[in-house]
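Have a look at the structure below, then the notes.
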Amino acid sequence: MSANHDTRVLSFVDILHAKRLAENGTVLNTAIRCTAAAGGVDTGLIKSMLPHTSRYTLMARYDGQHVVGQFYITHDTPVARLVYLAPQMRPNTDDSAWLVLLDAIVKEAGKRGAHVLTGEVDEDSELFTTMRQSGFAVYARQTLWLYQGDASADLPPRVDIREARTNDTNRIYGLYRRTVPRLMQQVETLPEISGFVYCVNDNVMGFVHTATGRDGVLLTPYIDVDAPVGATQVLTETARHVSNIQAQPIMVRVTRHQNWLSGSLADDGFECVAHQAVMVRHIAAGIHTPEFERLEKKLAANPAKRQTGELPEVGMN
C-alpha cells in the first residue's frame, strides 16, 4: 500500500462530507438494515458526535479516495459491531481505502475494550471479498426472508402464541442456549424479551424476537427442534400478529443452523431476498508486562519498615 493515506475519528467539520458519502453506503447490521436503514446512517452520524454514546465513526483517505465507517460496542460485552461502510463498493474498484478504514476501525474498537468486530454482509457483494482480505472470517451464514402473507385474511390461528413476559426470561434464555451454536453465542448477545412465545406445558419451546423500527420489523426465531408444531407455523402466526399492528415490511432472519426452516418458509408466504455471511475479525489484546520494583531498592527506601518486620529480612549482596 502507498503511504499516502490517513484515518481519523469523525469530527464536526467532517459531518457534511461523511453524510454525502453515507447516502450510498452499505449497512452491515441486519437489525438496522431491516428496521431503520433510512434513518440509521444520518442518525448515527450525529449520535456518534455526542458524548457518552456507544457509536463511533471514522473516516479514511487513500490516494484521494475517502471512505467512512461506523461501529458500536454492545453494552457490557467485548463485541463491536459494524453499522455501515460508505460509499458502496463497485465492481473492479480498488479496495485499498476500505482496507485502511477496516484496520482503523479494528484498532479503535480494540482501544475501547472490544475483542471482536462483526459485520453482516451480502455474500454476492464486493465488500464480502474485501472483508475476507482484511482478516474477517465467516462465522455463520444466514438468509433474509420477506413476509408476503395476507394478514387481513380471516384465518383461524395456526398455533397458540402470546407476547413474551418478564417472567419468561429464564426459560427464553435457556431456549437460546439450546438452539444457538456455542460459536455464535460468543459473538451474539442474549435477545431482549420482546416478541412472542410458544409454550407447551408451561415450557417455552419457541420464541420469536421482534425488532421494530420506522422502516420495518425484523423477526429472529429460536425454535426447539422438539417442538410439537412446525417452526414455520410459529413464525407465520407471529408475522400475522405483527402485521396487524405494524403496516411495515416484515423480514425474518434465518441462520444456517436453522436451515431446516427454509423449505417450509418458501411454501408459506415468505420470499428469500438476501444471502448473508456473519463475518468476525478477532482483535489482538495488548499484552502489558508489569514492571516490578527491585526488592533491594524497596528495602533500601523503607529501612523503618524492614526493622519493624513489615518487610522481610533478606541477604543483600
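Ligands are numbered from 1 in the order shown, residues from 1 within each chain, and chains are lettered A, B, ... in the order they appear in the C-alpha cells.
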Got a sec to tell me which of range 54-299 of chain A DSSP assigns to strand (DSSP E or B), as a ChimeraX atom specification?
/A:55-62,65-73,79-86,116-122,137-147,162-163,195-200,203-213,216-223,250-255,270-282
So which residues of range 75-134 of chain A fall under helix (DSSP H, G or I) by DSSP, listed as a list in words?
Ser96, Ala97, Trp98, Leu99, Val100, Leu101, Leu102, Asp103, Ala104, Ile105, Val106, Lys107, Glu108, Ala109, Gly110, Lys111, Glu126, Leu127, Phe128, Thr129, Thr130, Met131, Arg132 and Gln133 of chain A
Would you mind exporting the chosen residues as a PDB file, in the first residue's frame, restricted to C-alpha atoms?
```pdb
ATOM      1  CA  SER A  96      -7.314  -0.087  -0.559  1.00  0.00           C
ATOM      2  CA  ALA A  97      -9.260   2.722   1.114  1.00  0.00           C
ATOM      3  CA  TRP A  98     -11.751   0.254   2.592  1.00  0.00           C
ATOM      4  CA  LEU A  99      -8.911  -1.957   3.854  1.00  0.00           C
ATOM      5  CA  VAL A 100      -7.305   1.057   5.547  1.00  0.00           C
ATOM      6  CA  LEU A 101     -10.635   2.011   7.126  1.00  0.00           C
ATOM      7  CA  LEU A 102     -11.337  -1.506   8.414  1.00  0.00           C
ATOM      8  CA  ASP A 103      -7.890  -1.675  10.028  1.00  0.00           C
ATOM      9  CA  ALA A 104      -8.514   1.698  11.672  1.00  0.00           C
ATOM     10  CA  ILE A 105     -11.908   0.562  12.984  1.00  0.00           C
ATOM     11  CA  VAL A 106     -10.338  -2.588  14.430  1.00  0.00           C
ATOM     12  CA  LYS A 107      -7.725  -0.502  16.269  1.00  0.00           C
ATOM     13  CA  GLU A 108     -10.307   1.955  17.573  1.00  0.00           C
ATOM     14  CA  ALA A 109     -12.614  -0.844  18.736  1.00  0.00           C
ATOM     15  CA  GLY A 110      -9.683  -2.510  20.480  1.00  0.00           C
ATOM     16  CA  LYS A 111      -8.857   0.700  22.325  1.00  0.00           C
ATOM     17  CA  GLU A 126     -17.807  -6.721  -3.470  1.00  0.00           C
ATOM     18  CA  LEU A 127     -17.414  -5.911   0.213  1.00  0.00           C
ATOM     19  CA  PHE A 128     -17.593  -9.606   1.129  1.00  0.00           C
ATOM     20  CA  THR A 129     -14.291 -10.257  -0.668  1.00  0.00           C
ATOM     21  CA  THR A 130     -12.663  -7.142   0.795  1.00  0.00           C
ATOM     22  CA  MET A 131     -13.611  -8.087   4.342  1.00  0.00           C
ATOM     23  CA  ARG A 132     -12.071 -11.528   3.890  1.00  0.00           C
ATOM     24  CA  GLN A 133      -8.870  -9.877   2.671  1.00  0.00           C
TER      25      GLN A 133
END
```
Report the closest atom pair, with its distance in Å rounded to one decimal, for each residue of range 179-211 of chain A that has an atom no farther than 12 Å from range 269-280 of chain A; count only C-alpha atoms, sort by chain and then rising residue number, and write it as JSON lines.
```
{"residue": "A:Leu183", "atom": "CA", "partner": "A:Val280", "partner_atom": "CA", "distance": 11.1}
{"residue": "A:Met184", "atom": "CA", "partner": "A:Val278", "partner_atom": "CA", "distance": 9.4}
{"residue": "A:Gln186", "atom": "CA", "partner": "A:Val280", "partner_atom": "CA", "distance": 10.6}
{"residue": "A:Val187", "atom": "CA", "partner": "A:Val280", "partner_atom": "CA", "distance": 8.1}
{"residue": "A:Glu188", "atom": "CA", "partner": "A:Val278", "partner_atom": "CA", "distance": 10.5}
```
Can I get the residues of range 121-222 of chain A within 10 Å of range 257-262 of chain A, each with the closest pair of atoms and their distance in Å to one decimal, using only C-alpha atoms, sorted chain first then ascending number, as JSON lines?
```
{"residue": "A:Ala140", "atom": "CA", "partner": "A:His257", "partner_atom": "CA", "distance": 8.5}
{"residue": "A:Arg141", "atom": "CA", "partner": "A:His257", "partner_atom": "CA", "distance": 8.6}
{"residue": "A:Gln142", "atom": "CA", "partner": "A:Asn259", "partner_atom": "CA", "distance": 8.4}
{"residue": "A:Thr143", "atom": "CA", "partner": "A:Ser262", "partner_atom": "CA", "distance": 8.7}
{"residue": "A:Trp145", "atom": "CA", "partner": "A:Ser262", "partner_atom": "CA", "distance": 9.0}
{"residue": "A:Thr179", "atom": "CA", "partner": "A:His257", "partner_atom": "CA", "distance": 8.5}
{"residue": "A:Val180", "atom": "CA", "partner": "A:His257", "partner_atom": "CA", "distance": 7.7}
{"residue": "A:Pro181", "atom": "CA", "partner": "A:His257", "partner_atom": "CA", "distance": 7.7}
{"residue": "A:Pro221", "atom": "CA", "partner": "A:Gln258", "partner_atom": "CA", "distance": 8.8}
{"residue": "A:Tyr222", "atom": "CA", "partner": "A:Gln258", "partner_atom": "CA", "distance": 8.7}
```
Counting only C-alpha atoms, closest pick from A:Thr118, A:Asn29, A:Ser243, A:Ser125 relative to Tyr139 in chain A is A:Thr118
